[in-house]
Each structure stands twice: as structure tokens, then as C-alpha cells.
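To be precise, the following lines are query.csv, and they hold CSV, C-alpha atoms.
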```csv
chain,number,residue,atom,x,y,z
A,688,MET,CA,-3.7,11.8,1.2
A,689,THR,CA,-1.5,10.0,-1.3
A,690,ASP,CA,-1.4,10.0,-5.1
A,691,ARG,CA,-3.7,7.0,-4.8
A,692,HIS,CA,-6.6,9.0,-3.3
A,693,ALA,CA,-9.4,10.6,-5.3
A,694,ILE,CA,-12.4,12.7,-4.5
A,695,PHE,CA,-15.6,12.6,-6.7
A,696,SER,CA,-17.5,15.8,-6.2
A,697,ALA,CA,-21.0,16.4,-7.8
A,698,GLY,CA,-22.2,20.0,-8.4
A,699,PRO,CA,-22.1,22.7,-11.0
A,700,LEU,CA,-18.5,21.9,-12.1
A,701,GLY,CA,-16.6,19.0,-13.5
A,702,ALA,CA,-15.6,17.4,-16.8
A,703,TRP,CA,-18.5,14.9,-16.7
A,704,ARG,CA,-22.2,15.8,-17.2
A,705,ILE,CA,-24.5,13.6,-15.0
A,706,THR,CA,-27.2,12.2,-17.3
A,707,SER,CA,-28.9,10.0,-14.6
A,708,ILE,CA,-28.7,8.9,-11.0
A,709,THR,CA,-30.6,5.7,-10.4
A,710,PRO,CA,-30.6,3.8,-7.1
A,711,TYR,CA,-30.4,0.1,-7.7
A,712,ARG,CA,-30.4,-0.9,-4.0
A,713,GLY,CA,-30.7,1.3,-0.9
A,714,ASP,CA,-30.5,5.1,-0.7
A,715,THR,CA,-29.9,7.2,-3.8
A,716,LEU,CA,-27.6,10.2,-4.1
A,717,PRO,CA,-28.8,13.8,-4.5
A,718,ALA,CA,-29.3,15.2,-8.0
A,719,ALA,CA,-26.5,17.3,-9.5
A,720,GLN,CA,-25.4,18.6,-12.9
A,721,ARG,CA,-21.8,17.6,-13.2
A,722,LEU,CA,-19.2,15.3,-11.6
A,723,ASP,CA,-15.5,16.0,-11.1
A,724,ARG,CA,-13.0,13.3,-10.4
A,725,ALA,CA,-10.0,14.8,-8.6
A,726,GLU,CA,-7.1,12.4,-8.4
A,727,ALA,CA,-4.1,12.7,-6.1
A,728,ASP,CA,-3.4,16.3,-5.0
A,729,ALA,CA,-5.9,17.9,-7.4
A,730,LEU,CA,-8.5,20.1,-5.6
A,731,PRO,CA,-12.1,19.1,-6.0
A,732,ALA,CA,-13.8,21.2,-8.6
A,733,ASN,CA,-16.9,21.7,-6.5
A,734,PRO,CA,-16.1,23.4,-3.2
A,735,ALA,CA,-19.7,23.1,-2.0
A,736,PRO,CA,-20.8,19.8,-3.6
A,737,ALA,CA,-24.2,18.3,-3.8
A,738,TRP,CA,-22.3,15.2,-2.7
A,739,ALA,CA,-18.7,14.1,-2.5
A,740,LEU,CA,-17.2,10.7,-2.0
A,741,ARG,CA,-13.6,9.8,-1.4
A,742,GLY,CA,-11.7,6.6,-2.3
A,743,VAL,CA,-8.3,5.2,-2.6
A,744,ARG,CA,-6.7,2.9,-5.1
A,745,SER,CA,-5.1,0.1,-3.2
A,746,ASN,CA,-3.4,-3.3,-3.5
A,747,LEU,CA,-5.3,-6.2,-5.0
A,748,ARG,CA,-7.6,-7.9,-2.5
A,749,TYR,CA,-8.7,-11.0,-4.4
A,750,THR,CA,-7.0,-11.1,-7.8
A,751,ASN,CA,-4.5,-14.0,-8.2
A,752,THR,CA,-1.3,-13.8,-10.2
A,753,PRO,CA,-2.6,-15.3,-13.5
A,754,GLU,CA,-5.8,-13.3,-13.3
A,755,HIS,CA,-3.7,-10.1,-12.7
A,756,ALA,CA,-1.6,-10.9,-15.8
A,757,ALA,CA,-4.6,-11.6,-17.9
A,758,LEU,CA,-6.3,-8.3,-16.8
A,759,ASN,CA,-3.3,-6.3,-17.5
A,760,ALA,CA,-2.8,-7.8,-20.9
A,761,LYS,CA,-6.4,-6.9,-21.9
A,762,SER,CA,-6.8,-3.5,-20.2
A,763,GLU,CA,-6.3,-0.1,-22.0
A,764,GLY,CA,-6.8,2.2,-19.1
A,765,LEU,CA,-8.8,5.4,-18.6
A,766,GLY,CA,-8.9,8.6,-20.6
A,767,ARG,CA,-9.2,7.1,-24.1
A,768,PRO,CA,-10.5,9.7,-26.6
A,769,ALA,CA,-13.4,7.4,-27.6
A,770,SER,CA,-14.5,6.9,-24.0
A,771,THR,CA,-17.0,9.7,-23.8
A,772,ARG,CA,-19.4,7.9,-21.5
A,773,ALA,CA,-18.8,6.9,-17.9
A,774,ALA,CA,-20.5,5.4,-14.9
A,775,LEU,CA,-19.8,5.7,-11.2
A,776,LEU,CA,-21.3,3.0,-9.1
A,777,PRO,CA,-20.9,3.6,-5.3
A,778,ILE,CA,-21.4,0.2,-3.6
A,779,THR,CA,-21.8,-0.9,0.0
A,780,LYS,CA,-21.6,-4.5,1.2
A,781,SER,CA,-23.2,-5.9,4.4
A,782,ALA,CA,-21.6,-6.5,7.8
A,783,ALA,CA,-21.9,-10.2,7.1
A,784,TRP,CA,-19.6,-9.8,4.0
A,785,TRP,CA,-17.0,-8.0,6.0
A,786,ALA,CA,-17.1,-10.5,8.8
A,787,LEU,CA,-16.1,-13.4,6.5
A,788,ALA,CA,-12.6,-14.7,6.4
A,789,GLN,CA,-10.4,-14.0,3.4
A,790,ASP,CA,-10.9,-17.4,1.8
A,791,GLU,CA,-14.7,-17.2,2.1
A,792,ARG,CA,-14.8,-13.8,0.4
A,793,ARG,CA,-12.4,-14.9,-2.3
A,794,ASN,CA,-14.5,-18.1,-2.9
A,795,ILE,CA,-17.8,-16.1,-3.2
A,796,PHE,CA,-16.1,-13.4,-5.3
A,797,GLU,CA,-14.5,-15.6,-8.0
A,798,GLU,CA,-15.0,-19.3,-7.6
A,799,THR,CA,-18.8,-18.8,-7.1
A,800,SER,CA,-19.5,-15.5,-8.7
A,801,ALA,CA,-16.8,-15.2,-11.4
A,802,HIS,CA,-16.5,-11.4,-10.8
A,803,ILE,CA,-13.1,-11.1,-12.5
A,804,ALA,CA,-14.0,-13.4,-15.3
A,805,ILE,CA,-17.2,-11.4,-16.0
A,806,GLY,CA,-15.3,-8.1,-16.1
A,807,MET,CA,-12.6,-9.7,-18.3
A,808,ARG,CA,-15.2,-10.5,-21.0
A,809,TYR,CA,-15.8,-6.7,-21.4
A,810,LEU,CA,-12.2,-5.7,-21.7
A,811,PRO,CA,-10.8,-3.6,-23.2
A,812,ASN,CA,-14.0,-1.8,-24.2
A,813,ILE,CA,-15.3,-1.2,-20.7
A,814,ALA,CA,-12.4,0.3,-18.7
A,815,ARG,CA,-12.6,0.1,-15.0
A,816,ARG,CA,-11.0,1.6,-11.9
A,817,LEU,CA,-11.7,0.6,-8.3
A,818,TYR,CA,-11.5,2.9,-5.3
A,819,HIS,CA,-11.8,1.6,-1.7
A,820,SER,CA,-13.8,3.9,0.6
A,821,ARG,CA,-14.8,1.8,3.6
A,822,ASP,CA,-11.7,2.2,5.7
A,823,LEU,CA,-11.8,6.0,5.0
A,824,GLY,CA,-15.0,6.2,6.9
A,825,GLU,CA,-17.1,7.1,3.8
A,826,PRO,CA,-20.8,6.2,3.6
A,827,VAL,CA,-20.1,3.6,0.9
A,828,ASP,CA,-17.5,0.8,0.7
A,829,PHE,CA,-16.4,1.1,-2.9
A,830,LEU,CA,-16.4,3.6,-5.8
A,831,THR,CA,-16.3,1.7,-9.1
A,832,TRP,CA,-15.6,3.9,-12.2
A,833,PHE,CA,-16.1,2.8,-15.7
A,834,GLU,CA,-15.4,4.5,-19.1
A,835,PHE,CA,-16.6,3.4,-22.5
A,836,ALA,CA,-17.6,4.6,-25.9
A,837,PRO,CA,-21.4,5.3,-26.5
A,838,ALA,CA,-21.7,2.2,-28.7
A,839,ASP,CA,-20.6,0.1,-25.7
A,840,GLU,CA,-23.2,1.3,-23.2
A,841,PRO,CA,-25.4,-1.7,-24.0
A,842,ALA,CA,-22.4,-4.0,-23.2
A,843,PHE,CA,-21.9,-2.1,-20.0
A,844,ASN,CA,-25.5,-2.7,-19.0
A,845,ASP,CA,-25.0,-6.4,-19.7
A,846,LEU,CA,-21.9,-6.4,-17.5
A,847,LEU,CA,-23.9,-4.8,-14.7
A,848,ALA,CA,-26.8,-7.3,-15.1
A,849,ALA,CA,-24.3,-10.2,-15.0
A,850,LEU,CA,-22.7,-9.0,-11.8
A,851,ARG,CA,-26.1,-8.2,-10.1
A,852,ALA,CA,-27.2,-11.8,-10.8
A,853,THR,CA,-24.2,-13.3,-8.8
A,854,HIS,CA,-24.2,-14.7,-5.3
A,855,GLU,CA,-21.7,-12.0,-4.4
A,856,TRP,CA,-24.4,-9.4,-5.1
A,857,THR,CA,-26.6,-10.8,-2.3
A,858,TYR,CA,-24.1,-9.1,0.0
A,859,VAL,CA,-24.6,-5.7,-1.7
A,860,THR,CA,-26.7,-3.5,0.6
A,861,ARG,CA,-26.5,-0.2,-1.4
A,862,GLU,CA,-25.7,0.5,-5.1
A,863,VAL,CA,-26.3,3.7,-7.0
A,864,ASP,CA,-25.9,3.9,-10.8
A,865,VAL,CA,-24.6,7.4,-11.9
A,866,ARG,CA,-24.3,7.7,-15.6
A,867,LEU,CA,-22.2,10.4,-17.3
A,868,ASP,CA,-21.0,11.8,-20.6
A,869,LEU,CA,-18.4,14.3,-21.7
A,870,ALA,CA,-20.9,16.8,-23.1
B,112,MET,CA,-14.0,8.3,11.0
B,113,THR,CA,-15.7,5.2,12.2
B,114,ASP,CA,-15.7,3.2,15.4
B,115,ARG,CA,-12.9,1.2,13.8
B,116,HIS,CA,-10.5,4.1,13.6
B,117,ALA,CA,-7.9,5.0,16.2
B,118,ILE,CA,-5.2,7.7,16.8
B,119,PHE,CA,-2.1,6.9,18.7
B,120,SER,CA,-0.6,10.2,20.0
B,121,ALA,CA,2.7,10.6,21.8
B,122,GLY,CA,3.3,13.5,24.2
B,123,PRO,CA,3.0,14.5,27.8
B,124,LEU,CA,-0.4,12.7,28.2
B,125,GLY,CA,-1.8,9.2,27.8
B,126,ALA,CA,-2.3,6.0,29.9
B,127,TRP,CA,0.9,4.4,28.7
B,128,ARG,CA,4.4,5.5,29.7
B,129,ILE,CA,6.9,5.2,26.9
B,130,THR,CA,9.9,3.2,28.2
B,131,SER,CA,11.9,3.0,24.9
B,132,ILE,CA,11.7,3.8,21.2
B,133,THR,CA,14.0,1.6,19.2
B,134,PRO,CA,14.2,1.7,15.4
B,135,TYR,CA,14.6,-1.8,14.0
B,136,ARG,CA,14.7,-0.8,10.3
B,137,GLY,CA,14.4,2.7,8.7
B,138,ASP,CA,13.6,5.9,10.5
B,139,THR,CA,12.8,6.1,14.2
B,140,LEU,CA,10.1,8.2,15.9
B,141,PRO,CA,10.7,11.3,18.1
B,142,ALA,CA,11.1,10.7,21.8
B,143,ALA,CA,8.1,11.3,24.0
B,144,GLN,CA,7.0,10.6,27.6
B,145,ARG,CA,3.6,9.0,27.2
B,146,LEU,CA,1.3,7.4,24.6
B,147,ASP,CA,-2.5,7.7,24.3
B,148,ARG,CA,-4.5,5.3,22.2
B,149,ALA,CA,-7.8,7.0,21.3
B,150,GLU,CA,-10.3,4.6,19.7
B,151,ALA,CA,-13.4,5.5,17.7
B,152,ASP,CA,-14.7,9.0,18.6
B,153,ALA,CA,-12.4,9.6,21.5
B,154,LEU,CA,-10.3,12.7,21.2
B,155,PRO,CA,-6.5,12.3,21.2
B,156,ALA,CA,-5.1,13.1,24.6
B,157,ASN,CA,-2.2,15.0,23.1
B,158,PRO,CA,-3.4,18.0,21.1
B,159,ALA,CA,0.2,19.0,20.0
B,160,PRO,CA,1.8,15.5,19.9
B,161,ALA,CA,5.4,14.7,19.4
B,162,TRP,CA,4.0,12.3,16.8
B,163,ALA,CA,0.6,10.8,16.0
B,164,LEU,CA,-0.3,7.9,13.8
B,165,ARG,CA,-3.8,6.9,12.7
B,166,GLY,CA,-5.0,3.4,11.8
B,167,VAL,CA,-8.2,1.5,11.1
B,168,ARG,CA,-9.3,-2.0,12.2
B,169,SER,CA,-10.5,-3.7,9.0
B,170,ASN,CA,-11.6,-7.0,7.5
B,171,LEU,CA,-9.2,-9.9,7.5
B,172,ARG,CA,-6.8,-9.7,4.6
B,173,TYR,CA,-5.1,-13.2,4.7
B,174,THR,CA,-6.6,-15.2,7.5
B,175,ASN,CA,-8.6,-18.2,6.4
B,176,THR,CA,-11.7,-19.6,8.1
B,177,PRO,CA,-10.0,-22.3,10.3
B,178,GLU,CA,-7.2,-20.0,11.2
B,179,HIS,CA,-9.8,-17.3,12.2
B,180,ALA,CA,-11.7,-19.8,14.4
B,181,ALA,CA,-8.4,-21.0,16.0
B,182,LEU,CA,-7.3,-17.4,16.7
B,183,ASN,CA,-10.7,-16.5,18.2
B,184,ALA,CA,-10.7,-19.6,20.4
B,185,LYS,CA,-7.2,-18.7,21.9
B,186,SER,CA,-7.5,-14.9,22.1
B,187,GLU,CA,-8.5,-13.0,25.3
B,188,GLY,CA,-8.5,-9.4,24.0
B,189,LEU,CA,-7.0,-6.2,25.2
B,190,GLY,CA,-7.3,-4.5,28.5
B,191,ARG,CA,-6.7,-7.4,30.8
B,192,PRO,CA,-5.7,-6.2,34.3
B,193,ALA,CA,-2.4,-8.2,34.2
B,194,SER,CA,-1.4,-6.7,30.9
B,195,THR,CA,0.6,-3.8,32.3
B,196,ARG,CA,3.1,-3.8,29.4
B,197,ALA,CA,2.5,-3.0,25.8
B,198,ALA,CA,4.3,-2.5,22.5
B,199,LEU,CA,3.4,-0.4,19.5
B,200,LEU,CA,5.2,-1.5,16.3
B,201,PRO,CA,4.6,0.8,13.3
B,202,ILE,CA,5.6,-1.1,10.2
B,203,THR,CA,6.0,-0.2,6.5
B,204,LYS,CA,6.3,-2.7,3.7
B,205,SER,CA,8.0,-2.1,0.3
B,206,ALA,CA,6.3,-1.1,-3.0
B,207,ALA,CA,7.3,-4.6,-4.2
B,208,TRP,CA,5.1,-6.2,-1.5
B,209,TRP,CA,2.1,-4.1,-2.4
B,210,ALA,CA,2.5,-4.8,-6.1
B,211,LEU,CA,2.1,-8.6,-5.5
B,212,ALA,CA,-1.2,-10.3,-6.3
B,213,GLN,CA,-3.3,-11.5,-3.4
B,214,ASP,CA,-2.2,-15.2,-3.7
B,215,GLU,CA,1.5,-14.2,-3.8
B,216,ARG,CA,1.2,-12.1,-0.6
B,217,ARG,CA,-0.9,-14.9,1.1
B,218,ASN,CA,1.7,-17.5,0.2
B,219,ILE,CA,4.6,-15.4,1.6
B,220,PHE,CA,2.6,-14.4,4.7
B,221,GLU,CA,1.5,-17.9,5.8
B,222,GLU,CA,2.6,-20.8,3.7
B,223,THR,CA,6.2,-19.5,3.6
B,224,SER,CA,6.5,-17.3,6.7
B,225,ALA,CA,3.9,-18.9,9.1
B,226,HIS,CA,2.9,-15.4,10.4
B,227,ILE,CA,-0.4,-16.6,11.8
B,228,ALA,CA,1.1,-19.8,13.2
B,229,ILE,CA,3.9,-17.9,15.0
B,230,GLY,CA,1.4,-15.4,16.6
B,231,MET,CA,-0.8,-18.3,17.6
B,232,ARG,CA,1.9,-19.9,19.7
B,233,TYR,CA,2.0,-16.8,21.9
B,234,LEU,CA,-1.8,-16.6,22.5
B,235,PRO,CA,-3.4,-15.8,24.8
B,236,ASN,CA,-0.5,-14.3,26.7
B,237,ILE,CA,0.5,-11.8,24.0
B,238,ALA,CA,-2.7,-10.1,22.9
B,239,ARG,CA,-2.5,-8.3,19.6
B,240,ARG,CA,-4.5,-5.8,17.6
B,241,LEU,CA,-3.8,-4.7,14.0
B,242,TYR,CA,-4.6,-1.3,12.5
B,243,HIS,CA,-4.2,-0.5,8.8
B,244,SER,CA,-2.7,2.9,8.0
B,245,ARG,CA,-1.5,2.7,4.4
B,246,ASP,CA,-4.7,3.6,2.7
B,247,LEU,CA,-5.2,6.5,5.2
B,248,GLY,CA,-2.1,8.2,3.7
B,249,GLU,CA,-0.1,7.7,6.9
B,250,PRO,CA,3.7,7.5,6.9
B,251,VAL,CA,3.5,3.8,7.9
B,252,ASP,CA,1.4,0.9,6.6
B,253,PHE,CA,0.4,-0.8,9.8
B,254,LEU,CA,0.2,-0.2,13.5
B,255,THR,CA,0.6,-3.4,15.5
B,256,TRP,CA,-0.4,-3.2,19.1
B,257,PHE,CA,0.5,-5.8,21.7
B,258,GLU,CA,-0.4,-6.1,25.4
B,259,PHE,CA,1.1,-8.6,27.9
B,260,ALA,CA,2.1,-9.1,31.5
B,261,PRO,CA,5.7,-8.1,32.6
B,262,ALA,CA,6.6,-11.8,32.9
B,263,ASP,CA,5.7,-12.3,29.2
B,264,GLU,CA,8.0,-9.7,27.8
B,265,PRO,CA,10.8,-12.2,27.0
B,266,ALA,CA,8.1,-14.3,25.1
B,267,PHE,CA,7.1,-11.2,23.2
B,268,ASN,CA,10.8,-10.6,22.3
B,269,ASP,CA,10.9,-14.2,21.0
B,270,LEU,CA,7.8,-13.6,18.9
B,271,LEU,CA,9.3,-10.5,17.4
B,272,ALA,CA,12.6,-12.4,16.6
B,273,ALA,CA,10.6,-15.2,15.0
B,274,LEU,CA,8.7,-12.8,12.7
B,275,ARG,CA,11.8,-10.8,11.8
B,276,ALA,CA,13.5,-14.0,10.7
B,277,THR,CA,10.8,-14.8,8.1
B,278,HIS,CA,10.9,-14.2,4.3
B,279,GLU,CA,7.9,-11.9,4.8
B,280,TRP,CA,10.1,-9.5,6.8
B,281,THR,CA,12.4,-9.0,3.8
B,282,TYR,CA,9.6,-6.8,2.6
B,283,VAL,CA,9.6,-4.6,5.7
B,284,THR,CA,11.3,-1.3,5.0
B,285,ARG,CA,10.5,0.4,8.3
B,286,GLU,CA,9.8,-0.9,11.8
B,287,VAL,CA,10.0,1.0,15.1
B,288,ASP,CA,9.7,-0.8,18.4
B,289,VAL,CA,7.9,1.4,21.0
B,290,ARG,CA,7.7,-0.2,24.5
B,291,LEU,CA,5.3,0.9,27.2
B,292,ASP,CA,4.1,0.3,30.6
B,293,LEU,CA,1.1,1.4,32.7
B,294,ALA,CA,3.2,3.3,35.3
```
Rendering of file as C-alpha cells:
Amino acid sequence: MTDRHAIFSAGPLGAWRITSITPYRGDTLPAAQRLDRAEADALPANPAPAWALRGVRSNLRYTNTPEHAALNAKSEGLGRPASTRAALLPITKSAAWWALAQDERRNIFEETSAHIAIGMRYLPNIARRLYHSRDLGEPVDFLTWFEFAPADEPAFNDLLAALRATHEWTYVTREVDVRLDLA
Amino acid sequence: MTDRHAIFSAGPLGAWRITSITPYRGDTLPAAQRLDRAEADALPANPAPAWALRGVRSNLRYTNTPEHAALNAKSEGLGRPASTRAALLPITKSAAWWALAQDERRNIFEETSAHIAIGMRYLPNIARRLYHSRDLGEPVDFLTWFEFAPADEPAFNDLLAALRATHEWTYVTREVDVRLDLA
């Protein structure tokens, strides 16, 4: 484990209350009351979790230099006091996606599907952090974590709808939408 | 763990005899007699190893479609009967490398340093397999594994020298050269 690793554990404990778990594609996740996000060396709050998923923050896989600069300029990061709502979206992509060469995946991701450009439209209100899970042997490929104010939840729903309408999303084989608040 | 994971364990057991361990940059690895490469669900041969390193075969990170096709066309894979020599090169790159955007790393990797083109010149004789270790929390970022016939060891040395002369290699902070044979 490194300081880039995290474990999301669902169960009786955790800062975030789970308000809904909605499968969008493929298998759902078991019901649970709360979710804990343990970063780096923090111990997971739930020792016997309903479910737990690990991920690692890693280097950029598709983002180019000007995109990276633009994202950084518009981003405010996690943990803002007004961000009392969150969403965790575990996502898996198909074997066909992973078999593509780097240029093919980049072309689908941004030139065809505008993944970065869509996310950029919702910054800084919808804060985002990506964890990679596939190479850790987890049952999902990514854990995407979003934080926002209650008033921005409709905008977050628009963001999700825009991404799900892309060609890139035809490669998504599993997606679960876990919504949370700080209650 | 998935069928893409592997554990290299050094100790008294393993198919490969370690003939030399030579640090090229940064810290070396402890001496050991033999090396075992346990792929997928195989148990490591050395339960109390002198050292052990884990890696995972993953999707292509820089290779473009025509490069991938050319590599596949020229490659013969591991385990050839004539390939009685091997090399394991654990490699770590600097924080500066990992902070670069995808296009910057690709440009250094291939447009500037011709990493794929250099490796291609030595196919099929020098077979290669790449394992990613950084996101597993290992002390190195990559495990590069090579297999070749004894007569091709000078060519393998040329390949290493060509890669070490590239701009990409200025980002390598640690590299250990472990040579092996099937004796």
C-alpha cells in the first residue's frame, strides 16, 4: 500500500450516510448504512464490511498537457465544507476496451466522447477523484468519487447522463450509483 | 489477484538460476541462488524469499495501433525451448516522470526515445514481457522480463545499452540487472 491507495468500506460506520444504491448496468452492491473512505494508511472503519472496494490514485492515463492545466485551474479539490453530498460510482469496462491500443482508447475517450470536456463543464462545483482498481484484482475497474453541494445534485445528474450517452459508455459493462450525504 | 498477476521470488528454489545481480542505478537486490516466476494463481516457489517482487500485466499504456500490430507480428512469446537465458530488470522512474501528462510521457517514450522501435529491432530473438508494479505498492515501478538464446545475449546487451542512452532513461532512478539461465 502507498499513500495513493484507498479502501471504501460500507457498513455501520463511516462519515458518509448511504442514501441510495442504484445499479445502472450489471450487478448492484449490497445494501449498507454508511460508507467510509480510508485513504493511505488509515484503517477501514468497517472491519466486517457489507462490501469493500480498493483503489489507487495513479498517473494520468489519457489527459494531455493543456487539458491537465485547464483541469487544475478549475478544480477545488475534495473536503469543501459545502460539499455535503457525494457519489461513488464503481465502474467496469469490457475486455474489448482493455484490448484496445492506447491511441484507440484516447480517441474514444476524448476525441469521440469528450469525457474530459464534459467533466470540465461541471468544475469546480462537482469535485472528482479517480481511483484505479483493475490492476489490484478488484471486481471493478474504477472507483469514481464525486463531492458537491446539495443544490448541485441536479447538475451532477446531468453530468452522469452526458457521460452515459457517449460512445465510451458502450464499453461500460458494470456501473453502480451510490449516493451519500454527511448526515 | 488475477491471472495477469505474477510474483518473482528469489531464494533456493525456482526454474531459473541467478548468474549475476548487477545494480545499474540505485539500490541493488540481495544475492540469491535461484528465481521463480509464479504467474496467476501459482504459489511462489520460495516461501521465505531473499526478495520477492509482484507485478501485473496490464493494458497498453503508450503503444499505438500500428505499433501494436507490428509488435504482435514479430513476437514469438515466452517459453521457447532455445530461450535458456533470461533477464529480469526491475525499474523505477522518478516522481517527475509520473507527474507528466499522458502526451508528454508518450512523446518522451517513443517520439524522442524510440523505446518501441528499439525493442522491435531485437524481435523475435529477444522476447519481452512487462509487468506493472507501481500501483501495487511495490518498491519498483516495473518488472521487465526477457528470454533469449545464449547466442543472443550480446544482442540483449546492445538493446539495454540503446535504451539506457535514451532521454527516457534520464527518468529512471533505479534499475537492477538480474541475469539467469535454465541450468
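Between CA of Ile129 in chain B and CA of Gln144 in chain B the separation is 5.4 Å.
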(message) Set the distance at 7 Å and use all atoms listed in the file: which residues neighbour range 232-243 of chain B once local chain neighbours fewer than 5 positions away are removed? I'd like the list as a list in words.
(response)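 Here the answer would be Gly166, Val167, Arg168, Lys185, Ser186, Glu187, Gly188, Leu189, Asp252, Phe253, Leu254, Thr255, Trp256, Phe257, Glu258, Phe259, Asp263 and Phe267 of chain B.
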Kindly save the residues from that selection, with C-alpha atoms included, as a PDB file, in the frame of the given file.
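Dumped everything to result15.pdb:
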```
ATOM      1  CA  GLY B 166      -5.000   3.400  11.800  1.00  0.00           C
ATOM      2  CA  VAL B 167      -8.200   1.500  11.100  1.00  0.00           C
ATOM      3  CA  ARG B 168      -9.300  -2.000  12.200  1.00  0.00           C
ATOM      4  CA  LYS B 185      -7.200 -18.700  21.900  1.00  0.00           C
ATOM      5  CA  SER B 186      -7.500 -14.900  22.100  1.00  0.00           C
ATOM      6  CA  GLU B 187      -8.500 -13.000  25.300  1.00  0.00           C
ATOM      7  CA  GLY B 188      -8.500  -9.400  24.000  1.00  0.00           C
ATOM      8  CA  LEU B 189      -7.000  -6.200  25.200  1.00  0.00           C
ATOM      9  CA  ASP B 252       1.400   0.900   6.600  1.00  0.00           C
ATOM     10  CA  PHE B 253       0.400  -0.800   9.800  1.00  0.00           C
ATOM     11  CA  LEU B 254       0.200  -0.200  13.500  1.00  0.00           C
ATOM     12  CA  THR B 255       0.600  -3.400  15.500  1.00  0.00           C
ATOM     13  CA  TRP B 256      -0.400  -3.200  19.100  1.00  0.00           C
ATOM     14  CA  PHE B 257       0.500  -5.800  21.700  1.00  0.00           C
ATOM     15  CA  GLU B 258      -0.400  -6.100  25.400  1.00  0.00           C
ATOM     16  CA  PHE B 259       1.100  -8.600  27.900  1.00  0.00           C
ATOM     17  CA  ASP B 263       5.700 -12.300  29.200  1.00  0.00           C
ATOM     18  CA  PHE B 267       7.100 -11.200  23.200  1.00  0.00           C
TER      19      PHE B 267
END
```
(request) For CA of Asn183 in chain B and CA of Thr203 in chain B, determine how far apart the two atoms are, in Å to one decimal place. (result) 26.1 Å
(request) Determine which residues of chain B sit within 9 Å of chain A, taking into account all atoms listed in the file, and present them as JSON, numbers by chain. (result) {"B": [112, 113, 115, 116, 167, 168, 169, 170, 171, 172, 173, 174, 175, 176, 177, 178, 179, 209, 210, 211, 212, 213, 214, 215, 243, 245, 246, 247, 248, 249]}
If I wrap all listed atoms of range 187-199 of chain B in a box with edges along x, y and z and add 8 Å on each side, what are its centre and edge lengths in Å to one decimal, as JSON?
```
{"center_x": -2.1, "center_y": -6.7, "center_z": 26.9, "size_x": 28.8, "size_y": 28.6, "size_z": 30.8}
```
(request) Figure out the distance between CA of Leu124 in chain B and CA of Ala193 in chain B, please, to one decimal in Å. (result)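 Interatomic distance here is 21.8 Å.
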(message) At a cut-off of 12 Å, using only C-alpha atoms, what residues contact Ala149 in chain B? Leave out same-chain residues fewer than 4 positions from it and give the result as a VMD selection string.
(response) chain B and resid 114 to 121 124 to 127 153 to 158 163 to 167
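Minimum atom-to-atom distance to Ser131 in chain B, evaluated using only C-alpha atoms, belongs to B:Arg290 out of B:Ala151, B:Arg290, B:Asp269, B:Ser224.
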(request) Using all atoms listed in the file, find the one residue out of B:Ala272, B:Leu293, B:His278, B:Asp288 that sits nearest to Asn218 in chain B. (result)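 Comparing B:Ala272, B:Leu293, B:His278, B:Asp288 against Asn218 in chain B, the winner is B:His278.
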(message) I'd like the contact shell of Glu279 in chain B - 8 Å cut-off, all atoms listed in the file, skipping same-chain residues fewer than 6 positions apart - returned as an MDAnalysis selection string.
(response) chainID B and resid 219:220 223:224
